[in-house]
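Structure record follows, encoded as structure tokens.
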Amino acid sequence: MELLKEDLEFLQEKGITEEKLNEQLEMLSTGFPYLKLEGAATPGHGISVLTPEMEMGAIRCWEEFLGKGGKVMKMVPASGAASRMFKDLFSFLNGKSKKPDNDFIKKFFEHIEDFAFYERLNFVCLSEYGKSIDTLVKEHKYKEVVSALIEKSGLNYGKLPKALLQFHKTMGGSRTALEEHLAEGAQYAAGKDGVVKLHFTVSEDHLPLMKMKVEETAGRLSHEYGVKFDITFSVQKPSTDTVAVNLDGTPYRENGNLFFRPGGHGALIENLNDLDADVIFIKNIDNVVPDTHRGATIQYKKVLGGTLVAVKQRINEYCRMIKENKADSAKLDEMITFMHNVLCITHDKTAEMDDAQKAAYIYEKLNRPMRVCGMVRNEGEPGGGPFLVYNADGTVSPQILESSQIDSNDPEAVKMMKEATHFNPVDLAVSVRDWEGKKFNLPDYVDKATGFISQKSREGVEIKALELPGLWNGAMSNWNTIFIEVPAQTFNPVKTVNDLLREAHQPFPTQQL
């Protein structure tokens, strides 16, 4: 493709090379191959179900790690606006019916006092209309209440990030999702020095508001939990945006310029690459509960972290032995067994390798970033799934896949999808340093062939958009991975506003929903 002078200047401004642009255009033209599955990861076949004794051992390992000064950080992707949470309320507001016309809207109004934002919403209604929520509802002015919640003239919840929404009631007040993540981090990620490090990825538009909320609340929460907070932010880098094309494959332009859009959460691998800690926890902004329901979350965060620390220590020792030529045939076979039993990495060719080939193969596989991922039994909740997948080098390893990466026309692949017992709640503990303590360059471990193409409507024009390999999908494809079963009570996402009415998000007893 021949670029205009303006195109080159535009690319330079975004930090995108001409080579990268052409690579993206090629991907949009050719598409992505489906992944070859060995099978769904299930208990005993890719997913570990720990005994209570094993869990306690992992927790002890975590406590020892913290006691020795291990460096921990918690990363929370929090860049999305909350607009999808209020999709049903927007539809009602813009619809013809003046009264609740479906079960969702009826439930919202029947239990409106149970929302943590009720007091503030009531204040806005009094300010805007001179009437309380109760009076407006009695007068059947439901739309005024909804408008006060989601529109700019009111609380503006339809445009704010989820992080800044009041999620939970507290004694005498409420907490936003951001505050709950601070409180949660204080309960399992405080270092020996009492400092809790948290990193939020946010959109540039929301950054000032997020910083203001931290200024407002961090001091109070520090006092409440007896810790200090070290909170940092980053925005998705413009250099990770991806180009869009028309349906005929030609670049889509707006106002004469090439049109780029954010490349999905896979772009955050660059943000993660900028962080430095021994262990980094990753968890979505909307999957957080109040103190009264947080016991299981704290327990299993420690289990994930302790498992990561224990396994990483063993990997580091194996890598050191290989580099110092201290691994004999028996030790190399022990490492192969460890890779098979613990990391679920298999390769049919290892029996044919001599010791030198084995050592090189083992070192290449072990000396890479690592993650321990909580997996929840599938009970109908959305989310990608854990599978065992064939890699380009002939090995099989654990991967987290989305349905778009699996060929729906392949009966065998569809059968494997149906056999899946667990889904991915995005609950990770990761290690980003090698056996010598040096940081890995995480983009080197992305499988670029695991992106996908989506079709979008832009200003009435149908376009094709390139989605980067997802952060916990293809962006971590070449990481060592362990799947551990965690209980369903550790997964409480808020996808719609009514999810906040679920028991896990209600700190105090409420009427039966």
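For the structure tokens, the naming scheme is as follows: chains receive sequential letters (A, B, ...) according to their order of presentation, residues are indexed from 1 within each chain, and ligands are indexed from 1 in presentation order.
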From the DSSP assignment of the backbone, select every residue of range 53-165 of chain A that is alpha helix (DSSP H), and format the answer as a ChimeraX atom specification.
/A:53-67,87-94,103-110,118-129,133-138,142-150
Residues near Ile150 in chain A, anyone? I mean within 12 Å using only C-alpha atoms, not counting same-chain ones fewer than 6 positions away, as a PyMOL selection string.
chain A and resi 81-93+117+121+124+143-144+156-161+165+497
Could you pull the residues within 9 Å of Ala116 in chain A, counting only C-alpha atoms, minus those fewer than 2 positions along the same chain, as a PDB file with N, CA, C and O atoms, in the first residue's frame?
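See result10.pdb below for the written result:
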```
ATOM      1  N   GLU A 113     -33.653   0.711  46.543  1.00  0.00           N
ATOM      2  CA  GLU A 113     -33.043   1.125  47.810  1.00  0.00           C
ATOM      3  C   GLU A 113     -31.867   0.244  48.217  1.00  0.00           C
ATOM      4  O   GLU A 113     -31.095   0.615  49.106  1.00  0.00           O
ATOM      5  N   ASP A 114     -31.718  -0.919  47.581  1.00  0.00           N
ATOM      6  CA  ASP A 114     -30.614  -1.828  47.921  1.00  0.00           C
ATOM      7  C   ASP A 114     -29.319  -1.485  47.199  1.00  0.00           C
ATOM      8  O   ASP A 114     -28.271  -2.075  47.490  1.00  0.00           O
ATOM      9  N   TYR A 118     -27.973   4.584  46.023  1.00  0.00           N
ATOM     10  CA  TYR A 118     -29.330   5.096  46.252  1.00  0.00           C
ATOM     11  C   TYR A 118     -29.326   6.490  46.887  1.00  0.00           C
ATOM     12  O   TYR A 118     -30.045   7.390  46.436  1.00  0.00           O
ATOM     13  N   GLU A 119     -28.534   6.681  47.936  1.00  0.00           N
ATOM     14  CA  GLU A 119     -28.544   7.971  48.644  1.00  0.00           C
ATOM     15  C   GLU A 119     -28.124   9.116  47.733  1.00  0.00           C
ATOM     16  O   GLU A 119     -28.748  10.189  47.721  1.00  0.00           O
ATOM     17  N   ARG A 120     -27.059   8.893  46.955  1.00  0.00           N
ATOM     18  CA  ARG A 120     -26.593   9.954  46.039  1.00  0.00           C
ATOM     19  C   ARG A 120     -27.617  10.205  44.936  1.00  0.00           C
ATOM     20  O   ARG A 120     -27.851  11.344  44.536  1.00  0.00           O
ATOM     21  N   GLN A 166     -20.415   3.493  42.698  1.00  0.00           N
ATOM     22  CA  GLN A 166     -20.636   2.973  44.051  1.00  0.00           C
ATOM     23  C   GLN A 166     -21.173   1.546  43.931  1.00  0.00           C
ATOM     24  O   GLN A 166     -22.288   1.330  43.468  1.00  0.00           O
ATOM     25  N   PHE A 167     -20.355   0.592  44.342  1.00  0.00           N
ATOM     26  CA  PHE A 167     -20.715  -0.826  44.215  1.00  0.00           C
ATOM     27  C   PHE A 167     -21.414  -1.354  45.467  1.00  0.00           C
ATOM     28  O   PHE A 167     -22.383  -2.083  45.374  1.00  0.00           O
ATOM     29  N   HIS A 168     -20.875  -1.017  46.635  1.00  0.00           N
ATOM     30  CA  HIS A 168     -21.319  -1.680  47.862  1.00  0.00           C
ATOM     31  C   HIS A 168     -21.606  -0.689  48.987  1.00  0.00           C
ATOM     32  O   HIS A 168     -20.899   0.307  49.141  1.00  0.00           O
ATOM     33  N   LYS A 169     -22.616  -1.020  49.782  1.00  0.00           N
ATOM     34  CA  LYS A 169     -22.894  -0.244  50.986  1.00  0.00           C
ATOM     35  C   LYS A 169     -21.893  -0.615  52.078  1.00  0.00           C
ATOM     36  O   LYS A 169     -21.412  -1.741  52.144  1.00  0.00           O
ATOM     37  N   THR A 170     -21.587   0.351  52.931  1.00  0.00           N
ATOM     38  CA  THR A 170     -20.794   0.108  54.137  1.00  0.00           C
ATOM     39  C   THR A 170     -21.555   0.717  55.303  1.00  0.00           C
ATOM     40  O   THR A 170     -22.564   1.406  55.098  1.00  0.00           O
ATOM     41  N   GLY A 173     -22.011   4.458  54.840  1.00  0.00           N
ATOM     42  CA  GLY A 173     -21.529   4.998  53.569  1.00  0.00           C
ATOM     43  C   GLY A 173     -21.549   3.965  52.452  1.00  0.00           C
ATOM     44  O   GLY A 173     -22.413   3.079  52.414  1.00  0.00           O
ATOM     45  N   SER A 174     -20.597   4.085  51.538  1.00  0.00           N
ATOM     46  CA  SER A 174     -20.510   3.156  50.403  1.00  0.00           C
ATOM     47  C   SER A 174     -19.076   3.126  49.893  1.00  0.00           C
ATOM     48  O   SER A 174     -18.253   3.962  50.264  1.00  0.00           O
ATOM     49  N   ARG A 175     -18.802   2.138  49.038  1.00  0.00           N
ATOM     50  CA  ARG A 175     -17.481   2.045  48.406  1.00  0.00           C
ATOM     51  C   ARG A 175     -17.636   1.849  46.902  1.00  0.00           C
ATOM     52  O   ARG A 175     -18.504   1.107  46.443  1.00  0.00           O
ATOM     53  N   THR A 176     -16.752   2.487  46.169  1.00  0.00           N
ATOM     54  CA  THR A 176     -16.661   2.255  44.731  1.00  0.00           C
ATOM     55  C   THR A 176     -15.877   0.967  44.475  1.00  0.00           C
ATOM     56  O   THR A 176     -15.225   0.428  45.379  1.00  0.00           O
ATOM     57  N   LEU A 500     -25.514  -6.022  40.879  1.00  0.00           N
ATOM     58  CA  LEU A 500     -25.182  -5.480  42.202  1.00  0.00           C
ATOM     59  C   LEU A 500     -26.218  -5.871  43.259  1.00  0.00           C
ATOM     60  O   LEU A 500     -26.002  -5.673  44.452  1.00  0.00           O
ATOM     61  N   GLN A 506     -24.210  -7.634  48.299  1.00  0.00           N
ATOM     62  CA  GLN A 506     -25.031  -7.006  49.334  1.00  0.00           C
ATOM     63  C   GLN A 506     -24.414  -7.301  50.699  1.00  0.00           C
ATOM     64  O   GLN A 506     -24.564  -8.394  51.228  1.00  0.00           O
TER      65      GLN A 506
END
```
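With distances restricted to only C-alpha atoms, A:Ala475 is the closest residue to Lys448 in chain A from A:Leu272, A:Leu28, A:Ala475, A:Val432.
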Closest to Pro100 in chain A among A:Met375, A:Ala244, A:Val137, A:Cys61, using only C-alpha atoms?
A:Val137
Would you list the contacts of Pro487 in chain A as a compact mmCIF listing (two decimals) with C-alpha atoms, in the first residue's frame, taking every protein, DNA or RNA residue within 10 Å and counting only C-alpha atoms, but skipping same-chain residues closer than 6 positions in sequence?
```
# COMPACT_ATOMS: atom_id res chain seq x y z
CA ALA A 296 -12.83 -17.10 49.79
CA THR A 297 -11.20 -14.45 47.59
CA TYR A 300 -7.53 -18.44 47.03
CA GLY A 374 -7.81 -19.81 38.88
CA MET A 375 -10.52 -21.71 36.98
CA VAL A 376 -14.17 -21.93 38.02
CA ARG A 377 -16.52 -24.83 37.31
```
If I take CA of Asp101 in chain A and CA of His140 in chain A, how far is one from the other in Å, to one decimal?
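Atom-to-atom, CA of Asp101 in chain A and CA of His140 in chain A are spaced 12.4 Å apart.
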Got a sec: who's within 8 Å of Gln405 in chain A, counting only C-alpha atoms, leaving out chain neighbours fewer than 6 positions off, as a VMD selection string?
chain A and resid 33 to 35 450 452
Have a look at CA of Pro77 in chain A and CA of Ile285 in chain A and let me know their distance in Å, one decimal.
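Computing it gives 6.2 Å between the two atoms.
Pairwise distance (CA of Leu268 in chain A, CA of Pro369 in chain A) equals 15.6 Å.
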Name the residues of range 152-318 of chain A that fall into strand (DSSP E) according to DSSP on the backbone, using the chain letters and numbers of this document, as a ChimeraX atom specification.
/A:166-170,173-176,195-202,228-235,242-246,253-254,257-258,260-261,279-283
Restricting it to C-alpha atoms, dump the selection as a compact mmCIF listing (two decimals), in the first residue's frame.
```txt
# COMPACT_ATOMS: atom_id res chain seq x y z
CA GLN A 166 -20.64 2.97 44.05
CA PHE A 167 -20.71 -0.83 44.22
CA HIS A 168 -21.32 -1.68 47.86
CA LYS A 169 -22.89 -0.24 50.99
CA THR A 170 -20.79 0.11 54.14
CA GLY A 173 -21.53 5.00 53.57
CA SER A 174 -20.51 3.16 50.40
CA ARG A 175 -17.48 2.05 48.41
CA THR A 176 -16.66 2.26 44.73
CA VAL A 195 3.01 -1.24 51.44
CA VAL A 196 0.31 -2.41 49.02
CA LYS A 197 1.18 -1.71 45.38
CA LEU A 198 -1.71 -1.43 42.94
CA HIS A 199 -1.68 -0.50 39.27
CA PHE A 200 -4.80 0.48 37.33
CA THR A 201 -4.93 0.67 33.54
CA VAL A 202 -7.39 3.44 32.66
CA LYS A 228 0.20 2.13 53.05
CA PHE A 229 -0.87 2.29 49.41
CA ASP A 230 1.40 2.86 46.43
CA ILE A 231 -1.02 3.39 43.53
CA THR A 232 0.01 3.95 39.92
CA PHE A 233 -1.88 4.32 36.65
CA SER A 234 -1.21 3.82 32.97
CA VAL A 235 -3.19 4.29 29.78
CA THR A 242 -4.87 -1.34 15.20
CA VAL A 243 -5.91 -0.19 11.73
CA ALA A 244 -9.42 -0.80 10.35
CA VAL A 245 -10.33 -1.63 6.77
CA ASN A 246 -13.41 -1.51 4.56
CA ARG A 253 -10.35 6.56 6.52
CA GLU A 254 -12.02 9.34 8.48
CA ASN A 257 -6.75 9.94 7.91
CA LEU A 258 -6.20 6.22 8.40
CA PHE A 260 -7.11 3.22 14.13
CA ARG A 261 -8.98 1.87 17.13
CA VAL A 279 4.47 -11.61 41.69
CA ILE A 280 1.73 -9.63 39.95
CA PHE A 281 -1.95 -10.44 40.51
CA ILE A 282 -4.33 -9.62 37.65
CA LYS A 283 -8.07 -9.26 38.18
```
Closest to Ala41 in chain A among A:Asp274, A:Glu179, A:Glu364, A:Glu419, using only C-alpha atoms?
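When distances to Ala41 in chain A are compared using only C-alpha atoms, the smallest one comes from A:Glu419.
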